[in-house]
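Novice: Got a file for you: my_file_29.cif, mmCIF, C-alpha atoms.
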```cif
data_data
#
loop_
_atom_site.label_atom_id
_atom_site.label_comp_id
_atom_site.auth_asym_id
_atom_site.auth_seq_id
_atom_site.Cartn_x
_atom_site.Cartn_y
_atom_site.Cartn_z
CA ILE A 251 107.48 77.16 80.61
CA GLN A 252 105.98 77.22 84.10
CA ASN A 253 102.25 77.77 84.00
CA ASP A 254 99.38 77.17 86.40
CA ASP A 255 95.86 78.48 86.98
CA LYS A 256 97.05 82.01 87.85
CA ASN A 257 100.50 82.37 86.29
CA LEU A 258 101.55 82.49 82.65
CA HIS A 259 105.25 82.22 81.76
CA TYR A 260 106.38 82.50 78.14
CA ASN A 261 109.84 84.01 78.32
CA GLU A 262 112.17 83.81 75.30
CA HIS A 263 109.66 82.39 72.83
CA ASN A 264 109.80 85.02 70.05
CA ILE A 265 106.22 86.04 70.80
CA VAL A 266 105.14 89.13 68.83
CA GLU A 267 101.56 89.61 70.05
CA ILE A 268 99.43 89.10 73.17
CA ILE A 269 96.12 87.39 72.36
CA ASN A 270 93.46 85.23 74.00
CA ILE A 271 94.78 85.01 77.57
CA PRO A 272 92.22 83.40 79.93
CA ASP A 273 90.61 85.61 82.58
CA ASN A 274 91.80 83.40 85.44
CA ILE A 275 95.42 84.47 84.84
CA GLU A 276 96.67 87.02 87.40
CA ASN A 277 100.39 87.18 86.59
CA ILE A 278 101.90 87.31 83.08
CA TYR A 279 105.63 86.99 82.38
CA LEU A 280 106.60 87.62 78.75
CA SER A 281 110.14 88.96 78.97
CA ASN A 282 112.70 88.50 76.18
CA ASN A 283 110.27 88.28 73.29
CA GLN A 284 109.52 90.42 70.21
CA ILE A 285 106.41 92.23 71.44
CA THR A 286 106.02 95.79 70.10
CA SER A 287 102.71 96.80 71.71
CA ILE A 288 99.71 95.60 73.69
CA SER A 289 96.78 95.28 71.34
CA GLY A 290 94.91 92.27 72.65
CA ARG A 291 92.59 91.88 75.60
CA LEU A 292 94.22 91.24 78.98
CA PRO A 293 92.66 89.33 81.92
CA ILE A 294 90.36 91.52 83.99
CA ASN A 295 92.03 90.47 87.28
CA LEU A 296 95.63 90.82 86.12
CA LYS A 297 98.02 91.92 88.87
CA ILE A 298 101.54 91.55 87.40
CA LEU A 299 102.58 92.18 83.80
CA ASP A 300 106.24 91.65 82.93
CA LEU A 301 107.11 92.79 79.40
CA SER A 302 110.77 93.52 80.01
CA ASN A 303 113.27 93.03 77.19
CA ASN A 304 110.86 93.40 74.30
CA LYS A 305 110.47 96.03 71.56
CA ILE A 306 107.73 98.19 73.01
CA THR A 307 107.97 101.85 71.96
CA SER A 308 105.25 103.46 74.11
CA ILE A 309 103.73 102.98 77.54
CA PRO A 310 100.37 101.24 77.26
CA GLY A 311 97.38 102.75 79.01
CA SER A 312 94.15 101.73 80.65
CA ARG A 313 91.49 102.68 78.12
CA GLY A 314 88.34 101.01 79.35
CA PRO A 315 86.79 97.54 79.71
CA GLY A 316 88.31 94.95 77.41
CA THR A 317 91.18 97.12 76.15
CA GLY A 318 94.57 98.21 77.42
CA LEU A 319 95.78 97.62 80.96
CA PRO A 320 93.13 96.39 83.42
CA ASP A 321 92.39 98.50 86.49
CA SER A 322 93.47 95.60 88.71
CA LEU A 323 97.14 95.82 87.58
CA MET A 324 99.60 96.44 90.43
CA VAL A 325 103.02 95.78 88.82
CA LEU A 326 104.11 96.82 85.32
CA ASN A 327 107.62 95.97 84.14
CA LEU A 328 108.73 97.62 80.90
CA ASP A 329 112.47 97.51 81.53
CA ASN A 330 114.76 97.33 78.49
CA ASN A 331 112.38 98.25 75.71
CA GLN A 332 112.50 101.12 73.22
CA ILE A 333 110.42 103.73 75.03
CA MET A 334 111.56 107.32 74.43
CA LEU A 335 108.79 109.29 76.12
CA ILE A 336 106.63 109.27 79.22
CA PRO A 337 103.61 111.24 77.97
CA ASP A 338 101.90 114.02 79.88
CA GLY A 339 98.74 112.75 81.47
CA ILE A 340 100.35 109.41 82.33
CA GLU A 341 98.66 109.57 85.76
CA SER A 342 95.25 109.11 84.11
CA ARG A 343 96.41 106.56 81.52
CA LEU A 344 97.80 104.03 83.96
CA PRO A 345 95.64 101.85 86.24
CA ASN A 346 94.74 103.61 89.48
CA LYS A 347 95.91 100.64 91.58
CA LEU A 348 99.38 100.47 90.05
CA GLN A 349 102.02 100.24 92.79
CA GLU A 350 105.24 99.35 90.96
CA LEU A 351 106.41 100.76 87.61
CA PHE A 352 109.71 99.73 86.01
CA LEU A 353 110.98 101.71 83.02
CA GLY A 354 114.72 101.11 83.25
CA GLY A 355 116.96 100.64 80.23
CA ASN A 356 114.90 102.68 77.79
CA LYS A 357 115.63 106.00 76.03
CA ILE A 358 113.65 108.34 78.25
CA THR A 359 115.05 111.88 78.56
CA SER A 360 112.61 113.58 80.94
CA ILE A 361 110.13 112.78 83.70
CA PRO A 362 106.62 114.31 83.82
CA ASP A 363 105.33 116.06 86.92
CA LYS A 364 102.53 113.59 87.58
CA PHE A 365 102.27 109.83 88.06
CA PRO A 366 99.47 107.84 89.71
CA ASP A 367 99.52 108.56 93.45
CA SER A 368 99.13 104.83 94.05
CA LEU A 369 102.78 104.25 93.02
CA LEU A 370 105.08 102.94 95.76
CA ILE A 371 108.09 102.03 93.58
CA LEU A 372 109.30 103.86 90.46
CA SER A 373 112.41 102.74 88.57
CA LEU A 374 113.95 104.76 85.74
CA VAL A 375 117.50 103.40 85.82
CA SER A 376 119.78 103.58 82.78
CA ASN A 377 117.92 106.15 80.71
CA LYS A 378 119.01 109.59 79.48
CA ILE A 379 117.32 111.71 82.12
CA THR A 380 119.02 115.05 82.86
CA SER A 381 116.93 116.50 85.69
CA PHE A 382 115.14 115.32 88.82
CA PRO A 383 111.31 115.20 88.58
CA ASN A 384 109.57 118.38 89.74
CA LYS A 385 107.02 116.40 91.71
CA LEU A 386 106.84 112.85 93.02
CA PRO A 387 103.75 110.71 93.67
CA ASP A 388 102.43 111.35 97.18
CA ASN A 389 102.85 107.74 98.33
CA LEU A 390 106.14 106.91 96.58
CA GLU A 391 108.54 105.04 98.88
CA ILE A 392 111.39 103.94 96.57
CA LEU A 393 112.81 105.87 93.60
CA SER A 394 115.58 104.45 91.39
CA LEU A 395 117.37 106.84 89.03
CA GLU A 396 120.78 105.19 88.71
CA ASN A 397 122.90 105.65 85.59
CA ASN A 398 121.38 108.82 84.17
CA LYS A 399 122.71 112.37 83.70
CA ILE A 400 121.10 114.12 86.67
CA THR A 401 123.13 116.96 88.21
CA SER A 402 121.23 117.81 91.41
CA ILE A 403 118.73 116.53 93.98
CA PRO A 404 116.08 118.95 95.27
CA SER A 405 115.16 119.25 98.94
CA TYR A 406 111.41 118.99 98.27
CA LEU A 407 111.24 115.17 98.11
CA SER A 408 107.85 113.69 98.94
CA ALA A 409 107.16 113.01 102.61
CA LYS A 410 106.88 109.23 102.22
CA LEU A 411 110.02 108.68 100.11
CA ARG A 412 112.28 106.39 102.14
CA VAL A 413 114.86 105.15 99.62
CA LEU A 414 116.58 107.09 96.82
CA LEU A 415 119.00 105.31 94.49
CA ILE A 416 120.82 107.80 92.28
CA ASP A 417 124.22 106.18 91.69
CA LYS A 418 126.18 106.94 88.51
CA ASN A 419 124.92 110.43 87.78
CA GLN A 420 126.56 113.86 87.95
CA ILE A 421 125.45 114.96 91.42
CA THR A 422 127.76 117.47 93.13
CA THR A 423 126.04 118.10 96.49
CA ILE A 424 123.89 116.22 99.01
CA PRO A 425 120.76 118.13 100.07
CA ASN A 426 119.21 118.00 103.54
CA THR A 427 116.27 115.69 102.84
CA ASN A 428 114.82 114.96 106.26
CA ASN A 429 112.50 112.09 105.33
CA LEU A 430 114.99 109.83 103.55
CA GLU A 431 116.15 106.67 105.34
CA GLU A 432 118.49 105.37 102.64
CA LEU A 433 120.48 107.35 100.07
CA TYR A 434 122.66 105.58 97.50
CA ILE A 435 124.76 108.12 95.66
CA THR A 436 127.92 106.31 94.55
CA ASN A 437 129.88 107.25 91.43
CA ASN A 438 128.92 110.91 91.33
CA LYS A 439 130.92 114.16 91.73
CA ILE A 440 130.48 114.83 95.43
CA GLU A 441 133.52 116.38 97.13
CA SER A 442 132.14 116.90 100.64
CA ILE A 443 129.25 116.02 102.95
CA PRO A 444 127.25 118.94 104.38
CA ASP A 445 127.28 119.66 108.10
CA ILE A 446 123.60 118.78 108.35
CA ILE A 447 122.15 115.71 106.67
CA SER A 448 118.79 114.03 107.06
CA ILE A 449 118.00 113.27 110.70
CA ASN A 450 116.22 110.07 109.62
CA LEU A 451 118.99 108.80 107.38
CA LYS A 452 120.12 105.27 108.29
CA ILE A 453 122.25 104.42 105.26
CA LEU A 454 124.35 106.79 103.19
CA CYS A 455 126.35 105.04 100.48
CA ILE A 456 128.86 107.39 98.83
CA ALA A 457 131.38 105.04 97.25
CA SER A 458 133.54 106.30 94.38
CA ASN A 459 133.14 110.03 94.91
CA PRO A 460 136.04 112.51 95.15
CA ILE A 461 135.62 113.00 98.91
CA LYS A 462 138.90 113.65 100.68
CA GLU A 463 138.02 113.46 104.36
CA ILE A 464 135.07 112.59 106.61
CA GLU A 465 134.70 113.19 110.35
CA LYS A 466 133.14 110.09 111.85
CA ASN A 467 131.75 111.56 115.06
CA LYS A 468 130.30 114.52 113.26
CA TYR A 469 127.49 112.41 111.82
CA LYS A 470 127.09 109.98 114.74
CA CYS A 471 127.35 106.98 112.45
CA ASP A 472 127.30 103.59 114.12
CA ILE A 473 128.84 101.70 111.20
CA ILE A 474 131.46 102.87 108.74
CA PHE A 475 132.67 100.76 105.84
CA ASN A 476 135.78 102.25 104.28
CA LYS A 477 137.72 100.29 101.69
CA SER A 478 139.89 102.53 99.53
CA SER A 479 137.36 105.11 98.27
CA ASP A 480 134.24 103.08 99.11
CA MET A 481 132.25 104.45 102.02
CA VAL A 482 128.97 103.43 103.60
CA PHE A 483 127.49 105.07 106.69
CA SER A 484 124.76 103.38 108.67
CA ARG A 485 122.94 104.96 111.58
CA GLN A 486 120.83 102.56 113.64
#
```
Show me the file's structure as structure tokens.
Specialist:
Amino acid sequence: IQNDDKNLHYNEHNIVEIINIPDNIENIYLSNNQITSISGRLPINLKILDLSNNKITSIPGSRGPGTGLPDSLMVLNLDNNQIMLIPDGIESRLPNKLQELFLGGNKITSIPDKFPDSLLILSLVSNKITSFPNKLPDNLEILSLENNKITSIPSYLSAKLRVLLIDKNQITTIPNTNNLEELYITNNKIESIPDIISINLKILCIASNPIKEIEKNKYKCDIIFNKSSDMVFSRQ
């Protein structure tokens, strides 16, 4: 246990409930416990809440003073729980200052059209998602969708999205997404790279795809890593 005036660490302690946490605490780390829900009062100035590797079945919300998630929360980690659904209206349930949301390793099958526009990072790795979200938060910069069942990437990605991680899906083509700077798309079903790819793209990682041939000069790549079928392009 490593605790101080602002940080509370109780990982791997078989905790089942969150109760009576002092208001001076800003960061709570309760991973690898037996927590099923958030029912107690949380500190009003809480910034980070890590509840990964518990038994939570639904995403908690911000329901008013003294209950639910405080409006001050900026990072919420719910990786590796038992969540099956992201409910409609999630954008109004979550704190309006939330910047990072981690929902990897759950049982989620679909993504709603709306999240809080404050989000900068959204992770939904290792779920059962079959399609790309219809709309992304306006300020989202990093989106992680690795190890799902997604078959295509749209070309309407949000203007501020810089990094897309979508390894281990069933993608067959690479769209022209002009705003992306980094695209990680290994272990998919891509057979060729289109003639035109994002003009802002600096890193394209396409390892373990059935691509037969790539013309180096065609994409003006400064760095090529090619080891058997593993390929990384980097444009400075």
Novice: For each of A:Lys357, A:Lys410, A:Lys378, A:Lys364, take the minimum atom-to-atom distance to Pro337 (chain A), counting only C-alpha atoms, then give the residue where this is smallest.
Specialist: A:Lys364
Novice: For Asn303 (chain A), which residue out of A:Ile275, A:Ile443, A:Ile265, A:Ile456 is the nearest one, using only C-alpha atoms?
Specialist: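 Comparing A:Ile275, A:Ile443, A:Ile265, A:Ile456 against Asn303 (chain A), the winner is A:Ile265.
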Novice: Please provide the set of residues having any atom within 7 Å of Asn450 (chain A), restricted to all atoms listed in the file, with same-chain residues fewer than 5 positions apart removed, written as a ChimeraX atom specification.
Specialist: /A:428-431
Novice: Quick one: residues within 7 Å of Pro425 (chain A), only C-alpha atoms counted, chain neighbours fewer than 3 positions away excluded, as a PyMOL selection string?
Specialist: chain A and resi 403-405
Novice: Using C-alpha atoms, can you write the selected residues to a file as a PDB file, keeping the file's coordinate frame?
Specialist:
```pdb
ATOM      1  CA  ILE A 403     118.730 116.530  93.980  1.00  0.00           C
ATOM      2  CA  PRO A 404     116.080 118.950  95.270  1.00  0.00           C
ATOM      3  CA  SER A 405     115.160 119.250  98.940  1.00  0.00           C
TER       4      SER A 405
END
```
Novice: Written as a ChimeraX atom specification, which residues does the PyMOL selection byres ((chain A and resi 293) around 12) give for the file shown?
Specialist: /A:256-258,268-278,290-292,294-299,315-323
Novice: Keeping only C-alpha atoms, write those residues as a PDB file, in the coordinates of the input.
Specialist:
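Resulting contents of out25.pdb:
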```
ATOM      1  CA  LYS A 256      97.050  82.010  87.850  1.00  0.00           C
ATOM      2  CA  ASN A 257     100.500  82.370  86.290  1.00  0.00           C
ATOM      3  CA  LEU A 258     101.550  82.490  82.650  1.00  0.00           C
ATOM      4  CA  ILE A 268      99.430  89.100  73.170  1.00  0.00           C
ATOM      5  CA  ILE A 269      96.120  87.390  72.360  1.00  0.00           C
ATOM      6  CA  ASN A 270      93.460  85.230  74.000  1.00  0.00           C
ATOM      7  CA  ILE A 271      94.780  85.010  77.570  1.00  0.00           C
ATOM      8  CA  PRO A 272      92.220  83.400  79.930  1.00  0.00           C
ATOM      9  CA  ASP A 273      90.610  85.610  82.580  1.00  0.00           C
ATOM     10  CA  ASN A 274      91.800  83.400  85.440  1.00  0.00           C
ATOM     11  CA  ILE A 275      95.420  84.470  84.840  1.00  0.00           C
ATOM     12  CA  GLU A 276      96.670  87.020  87.400  1.00  0.00           C
ATOM     13  CA  ASN A 277     100.390  87.180  86.590  1.00  0.00           C
ATOM     14  CA  ILE A 278     101.900  87.310  83.080  1.00  0.00           C
ATOM     15  CA  GLY A 290      94.910  92.270  72.650  1.00  0.00           C
ATOM     16  CA  ARG A 291      92.590  91.880  75.600  1.00  0.00           C
ATOM     17  CA  LEU A 292      94.220  91.240  78.980  1.00  0.00           C
ATOM     18  CA  ILE A 294      90.360  91.520  83.990  1.00  0.00           C
ATOM     19  CA  ASN A 295      92.030  90.470  87.280  1.00  0.00           C
ATOM     20  CA  LEU A 296      95.630  90.820  86.120  1.00  0.00           C
ATOM     21  CA  LYS A 297      98.020  91.920  88.870  1.00  0.00           C
ATOM     22  CA  ILE A 298     101.540  91.550  87.400  1.00  0.00           C
ATOM     23  CA  LEU A 299     102.580  92.180  83.800  1.00  0.00           C
ATOM     24  CA  PRO A 315      86.790  97.540  79.710  1.00  0.00           C
ATOM     25  CA  GLY A 316      88.310  94.950  77.410  1.00  0.00           C
ATOM     26  CA  THR A 317      91.180  97.120  76.150  1.00  0.00           C
ATOM     27  CA  GLY A 318      94.570  98.210  77.420  1.00  0.00           C
ATOM     28  CA  LEU A 319      95.780  97.620  80.960  1.00  0.00           C
ATOM     29  CA  PRO A 320      93.130  96.390  83.420  1.00  0.00           C
ATOM     30  CA  ASP A 321      92.390  98.500  86.490  1.00  0.00           C
ATOM     31  CA  SER A 322      93.470  95.600  88.710  1.00  0.00           C
ATOM     32  CA  LEU A 323      97.140  95.820  87.580  1.00  0.00           C
TER      33      LEU A 323
END
```
Novice: What does the PyMOL selection byres ((chain A and resi 260) around 8) select in this file, as a PyMOL selection string?
Specialist: chain A and resi 251-252+258-259+261-263+279-281
Novice: Rank A:Ile340, A:Ile440, A:Ile421, A:Ile309 by their smallest atom-to-atom distance to Glu396 (chain A), using only C-alpha atoms, and report the top residue only.
Specialist: A:Ile421
Novice: Work out how far CA of Leu348 (chain A) is from CA of Leu372 (chain A), in Å to one decimal.
Specialist: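 So the answer is 10.5 Å.
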Novice: Just the number, please: distance in Å from CA of Asn438 (chain A) to CA of Asn459 (chain A), one decimal.
Specialist: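 That distance, rounded to one decimal, is 5.6 Å.
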Novice: Closest to Asn282 (chain A) among A:Asn331, A:Gln349, A:Ser360, A:Asn304, using only C-alpha atoms?
Specialist: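 Smallest distance to Asn282 (chain A) is found for A:Asn304.
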Novice: Report as an mmCIF file with C-alpha atoms, in the frame of the given file the full result of the PyMOL selection byres ((chain A and resi 306) around 9) when it is applied to this structure.
Specialist:
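Full text of expr15.cif as output:
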```cif
data_model
loop_
_atom_site.group_PDB
_atom_site.id
_atom_site.type_symbol
_atom_site.label_atom_id
_atom_site.label_comp_id
_atom_site.auth_asym_id
_atom_site.auth_seq_id
_atom_site.Cartn_x
_atom_site.Cartn_y
_atom_site.Cartn_z
ATOM 1 C CA GLN A 284 109.520 90.420 70.210
ATOM 2 C CA ILE A 285 106.410 92.230 71.440
ATOM 3 C CA THR A 286 106.020 95.790 70.100
ATOM 4 C CA SER A 287 102.710 96.800 71.710
ATOM 5 C CA ILE A 288 99.710 95.600 73.690
ATOM 6 C CA LEU A 301 107.110 92.790 79.400
ATOM 7 C CA SER A 302 110.770 93.520 80.010
ATOM 8 C CA ASN A 303 113.270 93.030 77.190
ATOM 9 C CA ASN A 304 110.860 93.400 74.300
ATOM 10 C CA LYS A 305 110.470 96.030 71.560
ATOM 11 C CA THR A 307 107.970 101.850 71.960
ATOM 12 C CA SER A 308 105.250 103.460 74.110
ATOM 13 C CA ILE A 309 103.730 102.980 77.540
ATOM 14 C CA LEU A 328 108.730 97.620 80.900
ATOM 15 C CA ASN A 330 114.760 97.330 78.490
ATOM 16 C CA ASN A 331 112.380 98.250 75.710
ATOM 17 C CA GLN A 332 112.500 101.120 73.220
ATOM 18 C CA ILE A 333 110.420 103.730 75.030
#
```
Novice: Tell me which protein, DNA and RNA residues are within 10 Å of Phe352 (chain A), counting only C-alpha atoms, leaving out same-chain ones fewer than 2 positions away, and put them as a list in words.
Specialist: Asp300, Leu301, Ser302, Val325, Leu326, Asn327, Leu328, Asp329, Asn330, Glu350, Gly354, Gly355, Ile371, Leu372, Ser373, Leu374, Val375 and Ser394 of chain A
Novice: Every residue with an atom at most 9 Å from (120.4, 109.2, 102.9) (file coordinates; only C-alpha atoms) is what I'm after, so could you write them as an MDAnalysis selection string?
Specialist: chainID A and resid 412:414 424 426:435 447:448 450:455
Novice: Step by step: locate region 254-317 of chain A in the block above, keep C-alpha atoms, then write the file as a short mmCIF file (atom, residue, chain, number, x, y, z; two decimals), in the first residue's frame.
Specialist:
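Here's the written file result39.cif:
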```cif
data_model
loop_
_atom_site.label_atom_id
_atom_site.label_comp_id
_atom_site.auth_asym_id
_atom_site.auth_seq_id
_atom_site.Cartn_x
_atom_site.Cartn_y
_atom_site.Cartn_z
CA ASP A 254 -0.27 9.91 0.96
CA ASP A 255 -2.40 13.03 1.31
CA LYS A 256 -3.67 12.88 -2.29
CA ASN A 257 -3.24 9.27 -3.41
CA LEU A 258 -5.01 6.12 -2.25
CA HIS A 259 -3.66 2.73 -3.33
CA TYR A 260 -5.48 -0.46 -2.34
CA ASN A 261 -4.77 -2.90 -5.15
CA GLU A 262 -5.37 -6.63 -4.64
CA HIS A 263 -7.07 -6.40 -1.25
CA ASN A 264 -10.40 -8.16 -1.98
CA ILE A 265 -12.27 -4.90 -1.45
CA VAL A 266 -15.96 -5.18 -2.35
CA GLU A 267 -17.20 -1.64 -1.65
CA ILE A 268 -15.99 1.97 -1.77
CA ILE A 269 -16.87 3.86 1.42
CA ASN A 270 -15.70 6.83 3.49
CA ILE A 271 -12.81 8.12 1.37
CA PRO A 272 -11.53 11.51 2.62
CA ASP A 273 -12.14 14.57 0.45
CA ASN A 274 -8.43 15.39 0.21
CA ILE A 275 -7.82 12.31 -1.97
CA GLU A 276 -7.40 13.16 -5.67
CA ASN A 277 -6.28 9.82 -7.12
CA ILE A 278 -7.76 6.41 -6.25
CA TYR A 279 -6.25 3.10 -7.38
CA LEU A 280 -8.38 0.05 -6.58
CA SER A 281 -7.50 -2.43 -9.31
CA ASN A 282 -7.69 -6.20 -8.83
CA ASN A 283 -10.39 -6.24 -6.18
CA GLN A 284 -13.98 -7.55 -5.98
CA ILE A 285 -15.87 -4.28 -6.49
CA THR A 286 -19.18 -4.66 -8.36
CA SER A 287 -20.41 -1.04 -8.36
CA ILE A 288 -19.82 2.45 -7.02
CA SER A 289 -22.36 3.14 -4.33
CA GLY A 290 -20.46 5.24 -1.83
CA ARG A 291 -19.51 8.89 -1.87
CA LEU A 292 -16.32 9.81 -3.73
CA PRO A 293 -14.03 12.79 -2.97
CA ILE A 294 -15.29 16.00 -4.55
CA ASN A 295 -11.86 16.80 -6.08
CA LEU A 296 -11.14 13.33 -7.45
CA LYS A 297 -9.12 13.36 -10.67
CA ILE A 298 -8.13 9.71 -11.31
CA LEU A 299 -10.22 6.63 -10.56
CA ASP A 300 -8.71 3.25 -11.43
CA LEU A 301 -11.16 0.37 -11.01
CA SER A 302 -9.59 -1.98 -13.53
CA ASN A 303 -9.80 -5.73 -12.97
CA ASN A 304 -12.88 -5.75 -10.77
CA LYS A 305 -16.42 -7.08 -11.27
CA ILE A 306 -18.24 -3.94 -12.32
CA THR A 307 -21.16 -4.59 -14.69
CA SER A 308 -22.18 -1.05 -15.67
CA ILE A 309 -20.52 2.30 -16.24
CA PRO A 310 -21.09 4.58 -13.26
CA GLY A 311 -22.41 8.06 -13.84
CA SER A 312 -22.25 11.53 -12.38
CA ARG A 313 -25.61 11.96 -10.68
CA GLY A 314 -25.23 15.06 -8.56
CA PRO A 315 -23.45 16.28 -5.41
CA GLY A 316 -22.41 13.49 -3.07
CA THR A 317 -23.27 10.62 -5.41
#
```
